[in-house]
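Text of upload37.txt, listed as compact mmCIF, C-alpha atoms and all ligand atoms:
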```txt
# COMPACT_ATOMS: atom_id res chain seq x y z
CA MET X 477 8.94 13.84 4.67
CA THR X 478 11.91 14.75 2.54
CA ASP X 479 12.03 17.45 -0.11
CA SER X 480 13.03 14.96 -2.77
CA HIS X 481 9.51 14.33 -4.02
CA SER X 482 6.40 16.37 -4.61
CA ARG X 483 3.68 16.52 -2.02
CA VAL X 484 0.63 16.22 -4.23
CA ALA X 485 -2.31 13.90 -3.59
CA ILE X 486 -5.26 12.78 -5.68
CA VAL X 487 -8.46 11.67 -3.95
CA THR X 488 -11.29 10.20 -6.04
CA GLY X 489 -14.92 10.43 -4.96
CA ALA X 490 -13.94 13.55 -3.03
CA ALA X 491 -17.19 15.50 -3.40
CA ARG X 492 -18.66 14.16 -0.18
CA GLY X 493 -18.50 11.53 2.53
CA ILE X 494 -15.25 9.68 3.18
CA GLY X 495 -13.46 11.14 0.14
CA ALA X 496 -14.19 14.73 1.16
CA ALA X 497 -12.86 14.03 4.68
CA ILE X 498 -9.70 12.44 3.25
CA ALA X 499 -9.10 15.45 0.99
CA ARG X 500 -9.49 17.86 3.93
CA LYS X 501 -7.16 15.80 6.11
CA LEU X 502 -4.45 15.53 3.45
CA ALA X 503 -4.69 19.29 2.85
CA ASP X 504 -4.25 19.81 6.61
CA ASP X 505 -1.21 17.52 6.40
CA GLY X 506 0.29 19.91 3.84
CA PHE X 507 -0.52 18.13 0.59
CA ALA X 508 -1.76 19.96 -2.48
CA VAL X 509 -4.89 17.97 -3.31
CA GLY X 510 -6.63 17.11 -6.57
CA LEU X 511 -10.24 16.37 -5.66
CA LEU X 512 -11.85 14.19 -8.36
CA ASP X 513 -15.50 13.18 -8.63
CA LEU X 514 -18.45 12.71 -10.98
CA ASP X 515 -19.89 15.69 -9.12
CA GLU X 516 -17.73 18.46 -10.57
CA ALA X 517 -19.50 21.28 -8.71
CA GLY X 518 -19.04 19.39 -5.44
CA VAL X 519 -15.28 18.95 -5.84
CA LYS X 520 -14.82 22.53 -7.03
CA GLN X 521 -16.55 23.67 -3.84
CA GLY X 522 -14.37 21.34 -1.73
CA ALA X 523 -11.23 22.63 -3.41
CA GLU X 524 -12.30 26.25 -2.87
CA ALA X 525 -12.80 25.56 0.83
CA ILE X 526 -9.26 24.14 1.07
CA VAL X 527 -7.82 27.13 -0.83
CA SER X 528 -9.68 29.63 1.33
CA GLY X 529 -8.19 27.87 4.36
CA GLY X 530 -4.69 28.51 2.99
CA GLY X 531 -4.13 25.18 1.21
CA LYS X 532 -3.66 24.22 -2.44
CA ALA X 533 -6.32 22.25 -4.28
CA ILE X 534 -8.24 21.84 -7.53
CA GLY X 535 -11.51 20.07 -8.26
CA VAL X 536 -11.83 18.00 -11.43
CA GLY X 537 -14.97 16.29 -12.74
CA LEU X 538 -14.59 12.78 -14.17
CA ASP X 539 -15.91 9.27 -14.29
CA VAL X 540 -13.06 7.19 -12.83
CA SER X 541 -14.05 4.17 -14.90
CA ASN X 542 -13.46 6.10 -18.14
CA THR X 543 -9.82 5.66 -19.21
CA GLU X 544 -9.54 8.93 -21.15
CA GLN X 545 -11.14 10.97 -18.37
CA ALA X 546 -8.96 9.34 -15.70
CA GLU X 547 -5.78 9.99 -17.67
CA ALA X 548 -6.79 13.58 -18.45
CA ALA X 549 -7.57 14.25 -14.78
CA VAL X 550 -4.20 12.92 -13.60
CA THR X 551 -2.44 15.02 -16.26
CA ARG X 552 -4.35 18.11 -15.13
CA VAL X 553 -3.39 17.59 -11.51
CA ALA X 554 0.26 17.08 -12.53
CA GLU X 555 0.24 20.28 -14.61
CA GLU X 556 -1.58 22.47 -12.09
CA LEU X 557 -0.34 21.15 -8.73
CA GLY X 558 2.72 19.02 -9.53
CA ALA X 559 3.35 15.31 -10.00
CA PRO X 560 0.92 13.30 -7.84
CA THR X 561 2.78 10.96 -5.49
CA VAL X 562 -0.28 9.98 -3.46
CA LEU X 563 -3.42 8.37 -4.89
CA VAL X 564 -6.48 7.46 -2.85
CA ASN X 565 -8.93 5.32 -4.85
CA ASN X 566 -12.10 6.10 -2.91
CA ALA X 567 -14.86 6.66 -5.51
CA GLY X 568 -17.54 4.06 -5.10
CA ILE X 569 -21.16 3.12 -5.66
CA THR X 570 -23.55 0.45 -4.46
CA ARG X 571 -26.23 -1.28 -6.54
CA ASP X 572 -27.49 -3.81 -4.00
CA ASN X 573 -29.69 -6.79 -4.78
CA LEU X 574 -29.88 -10.49 -4.10
CA LEU X 575 -28.04 -12.59 -6.66
CA PHE X 576 -31.18 -13.90 -8.38
CA LYS X 577 -32.49 -10.36 -8.90
CA MET X 578 -29.22 -8.64 -9.80
CA SER X 579 -29.01 -7.26 -13.33
CA ASP X 580 -25.97 -7.36 -15.59
CA GLN X 581 -26.00 -3.55 -15.49
CA ASP X 582 -25.77 -3.42 -11.70
CA TRP X 583 -22.95 -5.97 -11.70
CA ASP X 584 -21.01 -4.09 -14.39
CA ALA X 585 -21.57 -0.65 -12.85
CA VAL X 586 -20.15 -1.64 -9.45
CA ILE X 587 -17.23 -3.63 -10.83
CA GLY X 588 -16.58 -0.77 -13.29
CA VAL X 589 -16.30 2.02 -10.73
CA HIS X 590 -14.39 0.15 -8.02
CA LEU X 591 -12.12 -2.18 -9.97
CA ARG X 592 -11.77 -0.66 -13.42
CA GLY X 593 -11.76 2.82 -11.88
CA SER X 594 -8.98 1.99 -9.45
CA PHE X 595 -7.05 0.23 -12.20
CA VAL X 596 -7.13 3.06 -14.75
CA MET X 597 -6.50 5.73 -12.10
CA THR X 598 -3.53 3.84 -10.68
CA ARG X 599 -2.07 3.08 -14.09
CA ALA X 600 -2.27 6.76 -14.96
CA ALA X 601 -0.79 7.97 -11.66
CA GLN X 602 1.96 5.42 -11.04
CA LYS X 603 4.42 6.93 -13.52
CA HIS X 604 4.53 10.10 -11.43
CA MET X 605 5.41 8.01 -8.37
CA THR X 606 7.95 5.67 -9.93
CA GLY X 607 9.56 8.69 -11.63
CA GLN X 608 10.20 10.22 -8.20
CA LYS X 609 11.02 6.90 -6.52
CA TRP X 610 8.33 7.63 -3.91
CA GLY X 611 4.62 7.04 -3.79
CA ARG X 612 1.65 6.01 -1.68
CA ILE X 613 -1.49 4.31 -2.98
CA VAL X 614 -4.49 3.70 -0.72
CA ASN X 615 -7.52 1.78 -1.97
CA LEU X 616 -10.90 1.77 -0.24
CA SER X 617 -12.02 -1.80 0.33
CA SER X 618 -14.80 -2.68 2.81
CA THR X 619 -15.76 -5.20 5.45
CA SER X 620 -18.22 -6.33 2.75
CA ALA X 621 -15.20 -8.00 1.10
CA LEU X 622 -15.77 -10.77 3.66
CA GLY X 623 -19.27 -11.33 2.25
CA ASN X 624 -22.50 -9.39 2.67
CA ARG X 625 -26.03 -10.45 1.80
CA GLY X 626 -27.41 -8.39 -1.08
CA GLN X 627 -24.01 -7.12 -2.18
CA ILE X 628 -22.64 -9.83 -4.48
CA ASN X 629 -21.28 -7.18 -6.86
CA TYR X 630 -19.92 -4.84 -4.18
CA SER X 631 -18.34 -7.59 -2.06
CA ALA X 632 -16.65 -9.06 -5.16
CA ALA X 633 -15.31 -5.62 -6.09
CA LYS X 634 -14.08 -4.88 -2.57
CA ALA X 635 -12.41 -8.30 -2.25
CA GLY X 636 -10.91 -7.75 -5.70
CA LEU X 637 -9.40 -4.47 -4.51
CA GLN X 638 -7.53 -6.36 -1.81
CA GLY X 639 -5.79 -8.56 -4.41
CA PHE X 640 -5.22 -5.48 -6.57
CA THR X 641 -3.56 -3.74 -3.59
CA LYS X 642 -1.27 -6.65 -2.76
CA THR X 643 -0.14 -6.94 -6.37
CA LEU X 644 0.56 -3.21 -6.57
CA ALA X 645 2.68 -3.56 -3.43
CA ILE X 646 4.70 -6.36 -5.03
CA GLU X 647 5.16 -4.64 -8.41
CA LEU X 648 5.85 -1.09 -7.20
CA GLY X 649 7.80 -1.64 -3.99
CA LYS X 650 11.17 -1.41 -5.67
CA PHE X 651 10.25 2.08 -6.87
CA GLY X 652 9.62 3.33 -3.34
CA VAL X 653 5.85 3.05 -3.75
CA THR X 654 3.64 1.43 -1.12
CA ALA X 655 0.05 0.27 -1.62
CA ASN X 656 -2.42 -0.49 1.13
CA ALA X 657 -6.16 -0.95 1.48
CA ILE X 658 -8.50 0.33 4.15
CA ALA X 659 -11.60 -1.76 4.79
CA PRO X 660 -14.10 0.41 6.65
CA GLY X 661 -17.02 -0.97 8.58
CA PHE X 662 -20.18 1.11 8.85
CA ILE X 663 -19.39 4.79 8.22
CA GLU X 664 -22.06 7.45 8.44
CA THR X 665 -22.33 8.89 4.89
CA GLU X 666 -24.88 9.32 2.12
CA MET X 667 -24.02 5.79 0.99
CA THR X 668 -25.18 4.23 4.27
CA ALA X 669 -28.11 6.69 4.48
CA ALA X 670 -29.24 5.36 1.11
CA THR X 671 -29.03 1.78 2.44
CA ALA X 672 -31.28 2.72 5.38
CA GLU X 673 -33.73 4.37 3.01
CA ARG X 674 -33.80 1.29 0.75
CA LEU X 675 -34.56 -0.86 3.79
CA GLY X 676 -37.29 1.58 4.89
CA VAL X 677 -35.63 2.31 8.26
CA PRO X 678 -35.03 5.88 9.57
CA PHE X 679 -31.28 6.55 9.39
CA GLU X 680 -31.00 7.40 13.10
CA ASP X 681 -32.64 4.07 14.06
CA PHE X 682 -30.48 2.21 11.55
CA LYS X 683 -27.27 3.73 12.98
CA ALA X 684 -28.34 3.01 16.57
CA ALA X 685 -29.04 -0.65 15.72
CA VAL X 686 -25.69 -1.01 13.92
CA ALA X 687 -23.80 0.71 16.76
CA ARG X 688 -25.10 -1.81 19.30
CA GLU X 689 -23.25 -4.55 17.36
CA ILE X 690 -19.94 -2.65 17.16
CA PRO X 691 -17.49 -3.16 20.06
CA VAL X 692 -16.77 0.59 20.42
CA GLN X 693 -20.55 1.15 20.45
CA ARG X 694 -20.72 3.79 17.74
CA VAL X 695 -20.79 3.95 13.97
CA GLY X 696 -17.79 5.28 12.10
CA ARG X 697 -17.31 8.81 10.83
CA PRO X 698 -15.52 9.81 7.61
CA GLU X 699 -12.71 11.28 9.75
CA ASP X 700 -12.02 7.81 11.21
CA ILE X 701 -10.97 6.70 7.73
CA ALA X 702 -9.18 9.95 6.86
CA ASN X 703 -6.95 9.55 9.93
CA VAL X 704 -5.79 6.12 8.76
CA VAL X 705 -5.16 7.41 5.23
CA SER X 706 -3.08 10.20 6.75
CA PHE X 707 -0.84 7.62 8.41
CA LEU X 708 -0.59 5.28 5.42
CA VAL X 709 0.57 8.08 3.09
CA SER X 710 3.08 9.44 5.59
CA GLU X 711 6.84 9.10 5.37
CA GLY X 712 6.80 6.96 8.50
CA ALA X 713 4.55 4.31 6.91
CA GLY X 714 7.14 3.37 4.30
CA PHE X 715 7.54 -0.21 5.58
CA VAL X 716 3.79 -0.90 5.58
CA SER X 717 2.72 -2.26 2.20
CA GLY X 718 0.23 -4.72 0.77
CA GLN X 719 -1.88 -4.60 3.93
CA VAL X 720 -5.60 -4.40 4.50
CA VAL X 721 -6.45 -2.31 7.56
CA TYR X 722 -9.96 -3.00 8.87
CA VAL X 723 -11.32 0.19 10.41
CA ALA X 724 -14.57 -1.00 11.87
CA GLY X 725 -14.63 -0.27 15.62
CA GLY X 726 -13.78 -3.88 16.37
CA PRO X 727 -12.15 -6.98 14.96
CA LYS X 728 -15.09 -8.20 12.87
CA ALA X 729 -17.19 -6.82 10.07
P1 LIG J 1 -20.57 8.32 -0.98
O1 LIG J 1 -21.02 9.25 0.11
O2 LIG J 1 -21.62 7.68 -1.82
O3 LIG J 1 -19.52 9.11 -1.89
C1 LIG J 1 -18.95 8.48 -3.00
C2 LIG J 1 -18.49 9.54 -3.97
O4 LIG J 1 -17.92 8.85 -5.10
C3 LIG J 1 -19.64 10.40 -4.48
O5 LIG J 1 -19.29 11.76 -4.43
C4 LIG J 1 -19.80 9.91 -5.90
O6 LIG J 1 -20.22 10.89 -6.82
C5 LIG J 1 -18.41 9.48 -6.26
N1 LIG J 1 -18.41 8.58 -7.40
C6 LIG J 1 -19.22 7.53 -7.63
N2 LIG J 1 -18.96 6.97 -8.82
C7 LIG J 1 -17.95 7.69 -9.37
C8 LIG J 1 -17.26 7.61 -10.60
N3 LIG J 1 -17.54 6.68 -11.52
N4 LIG J 1 -16.29 8.52 -10.86
C9 LIG J 1 -16.02 9.48 -9.96
N5 LIG J 1 -16.64 9.61 -8.79
C10 LIG J 1 -17.60 8.72 -8.48
O7 LIG J 1 -19.71 7.10 -0.40
P2 LIG J 1 -18.81 6.96 0.93
O8 LIG J 1 -19.67 6.32 1.95
O9 LIG J 1 -18.11 8.22 1.22
O10 LIG J 1 -17.78 5.85 0.44
C11 LIG J 1 -16.47 6.15 -0.05
C12 LIG J 1 -15.74 4.84 -0.32
O11 LIG J 1 -15.68 4.08 0.88
C13 LIG J 1 -16.42 3.95 -1.35
O12 LIG J 1 -15.45 3.27 -2.11
C14 LIG J 1 -17.18 2.98 -0.50
O13 LIG J 1 -17.45 1.78 -1.19
C15 LIG J 1 -16.22 2.79 0.66
N6 LIG J 1 -16.85 2.31 1.88
C16 LIG J 1 -17.84 3.01 2.50
C17 LIG J 1 -18.42 2.51 3.66
C18 LIG J 1 -19.50 3.24 4.40
O14 LIG J 1 -20.00 2.68 5.40
N7 LIG J 1 -19.89 4.43 4.02
C19 LIG J 1 -17.97 1.29 4.19
C20 LIG J 1 -16.97 0.60 3.52
C21 LIG J 1 -16.41 1.12 2.38
P3 LIG J 1 -21.78 11.15 -7.13
O15 LIG J 1 -22.35 11.70 -5.88
O16 LIG J 1 -21.79 12.14 -8.22
O17 LIG J 1 -22.35 9.82 -7.49
```
Take the structure in this file and express it as structure tokens.
Amino acid sequence: MTDSHSRVAIVTGAARGIGAAIARKLADDGFAVGLLDLDEAGVKQGAEAIVSGGGKAIGVGLDVSNTEQAEAAVTRVAEELGAPTVLVNNAGITRDNLLFKMSDQDWDAVIGVHLRGSFVMTRAAQKHMTGQKWGRIVNLSSTSALGNRGQINYSAAKAGLQGFTKTLAIELGKFGVTANAIAPGFIETEMTAATAERLGVPFEDFKAAVAREIPVQRVGRPEDIANVVSFLVSEGAGFVSGQVVYVAGGPKA
């Protein structure tokens, strides 16, 4: 890392799960971190924990799919921590149903948070990266991008994020900005706990059944994703761009 650009990261959906682990990891890596989430109390708590550990962080409440809120949050991070040169678009929701039962609202909500949210956040943040001729964007896709029963909205959004990532890489590369996607497999978080609950299966049984199908014989942990983010936003990853890294304990979803 050189001193020629600021070391400030924004992580969306950072109140819990994968986003919270990414924020902690980037703080450990020496980044000042803006933790953004619908859950304002949750990100304020996460930021306080980073600060009490000697790091720099703020928590900001927002809905990433709201243009004004996204732009205001990026501006606040820039004013309080410095120009953000790293953006991790992690905020996400599921609204699962089979196609014939899926409502317009559930389609729009999922596309809105993942695709519109990543779009407005990235548009707001990119000027801070291009201005410094250095930046790193990481988008959270999913193995569901390859297709997943009951997730027509989510799989479309996660596949869409892969095209979004590749286009960012093409447009922003000449400004020293890379863009990559991480496609996690099954990670133990409240999101997957909610899936187990919806299916009426105890979470421990659900995880054990999933783990048997994964080559490394365990489910993923938020830190498994945070470690890959840490690499992709590093100085040394500057020639990696437009890629989708599947982090799923094996080669298949
Ligand atoms: P999670 O535990 O449900 O956490 C997601 C966070 O995003 C929550 O804190 C949530 O806030 C926040 N959020 C939702 N909508 C938002 C919005 N409009 N604006 C701001 N924040 C919002 O999920 P996770 O499992 O950590 O997943 C993180 C990312 O990884 C998601 O993009 C997910 O699709 C992806 N992913 C997860 C898995 C997995 O197995 N867990 C696998 C593949 C991909 P609230 O709590 O207030 O709603």
Practice problem: Within 8 Å of ligand LIG 1 (chain J), which residues show up when you count only C-alpha atoms and all ligand atoms? List them as a VMD selection string, please. | Solution: chain X and resid 488 to 496 512 to 516 518 537 to 542 565 to 570 588 to 590 593 616 to 620 630 634 659 to 668 696 698
Take the residues from that selection and write them out as a PDB file, in the coordinates of the input, keeping C-alpha atoms.
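What follows is the written file again_5.pdb:
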```
ATOM      1  CA  THR X 488     -11.290  10.200  -6.040  1.00  0.00           C
ATOM      2  CA  GLY X 489     -14.920  10.430  -4.960  1.00  0.00           C
ATOM      3  CA  ALA X 490     -13.940  13.550  -3.030  1.00  0.00           C
ATOM      4  CA  ALA X 491     -17.190  15.500  -3.400  1.00  0.00           C
ATOM      5  CA  ARG X 492     -18.660  14.160  -0.180  1.00  0.00           C
ATOM      6  CA  GLY X 493     -18.500  11.530   2.530  1.00  0.00           C
ATOM      7  CA  ILE X 494     -15.250   9.680   3.180  1.00  0.00           C
ATOM      8  CA  GLY X 495     -13.460  11.140   0.140  1.00  0.00           C
ATOM      9  CA  ALA X 496     -14.190  14.730   1.160  1.00  0.00           C
ATOM     10  CA  LEU X 512     -11.850  14.190  -8.360  1.00  0.00           C
ATOM     11  CA  ASP X 513     -15.500  13.180  -8.630  1.00  0.00           C
ATOM     12  CA  LEU X 514     -18.450  12.710 -10.980  1.00  0.00           C
ATOM     13  CA  ASP X 515     -19.890  15.690  -9.120  1.00  0.00           C
ATOM     14  CA  GLU X 516     -17.730  18.460 -10.570  1.00  0.00           C
ATOM     15  CA  GLY X 518     -19.040  19.390  -5.440  1.00  0.00           C
ATOM     16  CA  GLY X 537     -14.970  16.290 -12.740  1.00  0.00           C
ATOM     17  CA  LEU X 538     -14.590  12.780 -14.170  1.00  0.00           C
ATOM     18  CA  ASP X 539     -15.910   9.270 -14.290  1.00  0.00           C
ATOM     19  CA  VAL X 540     -13.060   7.190 -12.830  1.00  0.00           C
ATOM     20  CA  SER X 541     -14.050   4.170 -14.900  1.00  0.00           C
ATOM     21  CA  ASN X 542     -13.460   6.100 -18.140  1.00  0.00           C
ATOM     22  CA  ASN X 565      -8.930   5.320  -4.850  1.00  0.00           C
ATOM     23  CA  ASN X 566     -12.100   6.100  -2.910  1.00  0.00           C
ATOM     24  CA  ALA X 567     -14.860   6.660  -5.510  1.00  0.00           C
ATOM     25  CA  GLY X 568     -17.540   4.060  -5.100  1.00  0.00           C
ATOM     26  CA  ILE X 569     -21.160   3.120  -5.660  1.00  0.00           C
ATOM     27  CA  THR X 570     -23.550   0.450  -4.460  1.00  0.00           C
ATOM     28  CA  GLY X 588     -16.580  -0.770 -13.290  1.00  0.00           C
ATOM     29  CA  VAL X 589     -16.300   2.020 -10.730  1.00  0.00           C
ATOM     30  CA  HIS X 590     -14.390   0.150  -8.020  1.00  0.00           C
ATOM     31  CA  GLY X 593     -11.760   2.820 -11.880  1.00  0.00           C
ATOM     32  CA  LEU X 616     -10.900   1.770  -0.240  1.00  0.00           C
ATOM     33  CA  SER X 617     -12.020  -1.800   0.330  1.00  0.00           C
ATOM     34  CA  SER X 618     -14.800  -2.680   2.810  1.00  0.00           C
ATOM     35  CA  THR X 619     -15.760  -5.200   5.450  1.00  0.00           C
ATOM     36  CA  SER X 620     -18.220  -6.330   2.750  1.00  0.00           C
ATOM     37  CA  TYR X 630     -19.920  -4.840  -4.180  1.00  0.00           C
ATOM     38  CA  LYS X 634     -14.080  -4.880  -2.570  1.00  0.00           C
ATOM     39  CA  ALA X 659     -11.600  -1.760   4.790  1.00  0.00           C
ATOM     40  CA  PRO X 660     -14.100   0.410   6.650  1.00  0.00           C
ATOM     41  CA  GLY X 661     -17.020  -0.970   8.580  1.00  0.00           C
ATOM     42  CA  PHE X 662     -20.180   1.110   8.850  1.00  0.00           C
ATOM     43  CA  ILE X 663     -19.390   4.790   8.220  1.00  0.00           C
ATOM     44  CA  GLU X 664     -22.060   7.450   8.440  1.00  0.00           C
ATOM     45  CA  THR X 665     -22.330   8.890   4.890  1.00  0.00           C
ATOM     46  CA  GLU X 666     -24.880   9.320   2.120  1.00  0.00           C
ATOM     47  CA  MET X 667     -24.020   5.790   0.990  1.00  0.00           C
ATOM     48  CA  THR X 668     -25.180   4.230   4.270  1.00  0.00           C
ATOM     49  CA  GLY X 696     -17.790   5.280  12.100  1.00  0.00           C
ATOM     50  CA  PRO X 698     -15.520   9.810   7.610  1.00  0.00           C
TER      51      PRO X 698
END
```
Quiz prompt | Point-to-point distance in Å for CA of Gly558 in chain X and CA of Ile486 in chain X | solution =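 Pair CA of Ile486 in chain X / CA of Gly558 in chain X returns 10.8 Å.
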Exercise. Work out how far apart CA of Gly607 in chain X and CA of Leu637 in chain X are and give it in Å to one decimal.
Key: 24.2 Å
Self-check item: Distance of CA of Ala633 in chain X from CA of Ala621 in chain X, expressed in Å to one decimal place
Solution: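 One can read the CA of Ala621 in chain X to CA of Ala633 in chain X distance as 7.6 Å.
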Practice problem: Tell me which protein, DNA and RNA residues are within 12 Å of Val705 in chain X, counting all atoms listed in the file, leaving out same-chain ones fewer than 5 positions away, and put them as number ranges by chain. | Solution: X: 485, 487, 494-495, 497-502, 505, 562-566, 612-616, 655-660, 698-700, 710, 713, 720-721, 723
Find the spatial neighbours of Ala559 in chain X, counting all atoms listed in the file, within a cut-off of 10 Å - ignore same-chain residues fewer than 5 positions away - and output them as a PDB file with C-alpha atoms, in the frame of the given file.
```pdb
ATOM      1  CA  HIS X 481       9.510  14.330  -4.020  1.00  0.00           C
ATOM      2  CA  SER X 482       6.400  16.370  -4.610  1.00  0.00           C
ATOM      3  CA  ARG X 483       3.680  16.520  -2.020  1.00  0.00           C
ATOM      4  CA  VAL X 484       0.630  16.220  -4.230  1.00  0.00           C
ATOM      5  CA  ALA X 485      -2.310  13.900  -3.590  1.00  0.00           C
ATOM      6  CA  ILE X 486      -5.260  12.780  -5.680  1.00  0.00           C
ATOM      7  CA  VAL X 550      -4.200  12.920 -13.600  1.00  0.00           C
ATOM      8  CA  THR X 551      -2.440  15.020 -16.260  1.00  0.00           C
ATOM      9  CA  ARG X 552      -4.350  18.110 -15.130  1.00  0.00           C
ATOM     10  CA  VAL X 553      -3.390  17.590 -11.510  1.00  0.00           C
ATOM     11  CA  ALA X 554       0.260  17.080 -12.530  1.00  0.00           C
ATOM     12  CA  ALA X 601      -0.790   7.970 -11.660  1.00  0.00           C
ATOM     13  CA  LYS X 603       4.420   6.930 -13.520  1.00  0.00           C
ATOM     14  CA  HIS X 604       4.530  10.100 -11.430  1.00  0.00           C
ATOM     15  CA  MET X 605       5.410   8.010  -8.370  1.00  0.00           C
ATOM     16  CA  GLY X 607       9.560   8.690 -11.630  1.00  0.00           C
ATOM     17  CA  GLN X 608      10.200  10.220  -8.200  1.00  0.00           C
TER      18      GLN X 608
END
```
Quiz prompt | Pick from X:Gly636, X:Ala508, X:Val695, X:Val536 nearest to Lys520 in chain X, counting all atoms listed in the file | solution = X:Val536
Quiz item: Which is closer to Leu575 in chain X than all the others in X:Ser480, X:Ser528, X:Gln602, X:Asn624, using only C-alpha atoms?
Solution: X:Asn624
Quiz item: Do you know which residues are at most 8 Å from Leu648 in chain X counting all atoms listed in the file, after dropping those on the same chain fewer than 5 positions away, and could you put them as a PyMOL selection string?
Solution: chain X and resi 606+653-654
Practice problem: Considering only C-alpha atoms, state which residue in the set X:Ile690, X:Gly530, X:Lys609, X:Gly522 is at the smallest distance from Gly506 in chain X. | Solution: X:Gly530
Practice problem: Counting only C-alpha atoms, figure out which residue out of X:Pro691, X:Gly718, X:Gly712, X:Pro678 gets nearest to Glu647 in chain X. | Solution: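 Of the candidates, the smallest distance to Glu647 in chain X is held by X:Gly718.
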Quiz prompt | Residue nearest Leu574 in chain X among X:Arg697, X:Gln545, X:Gln627, X:Ala685 (counting all atoms listed in the file) | solution = X:Gln627
Practice problem: May I ask which of the residues X:Ala724, X:Ile587, X:Leu708, X:Ala517 is the closest one to Glu689 in chain X, counting all atoms listed in the file? | Solution: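 With all atoms listed in the file as the atom set, the closest residue is X:Ala724.
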Edge lengths and centre in Å to one decimal, as lines of an AutoDock Vina configuration file, is what I'm after for the box along x, y and z that holds all listed atoms of range 524-537 of chain X once 6 Å is added on each side.
```
center_x = -9.3
center_y = 23.0
center_z = -4.2
size_x = 23.3
size_y = 25.3
size_z = 29.1
```
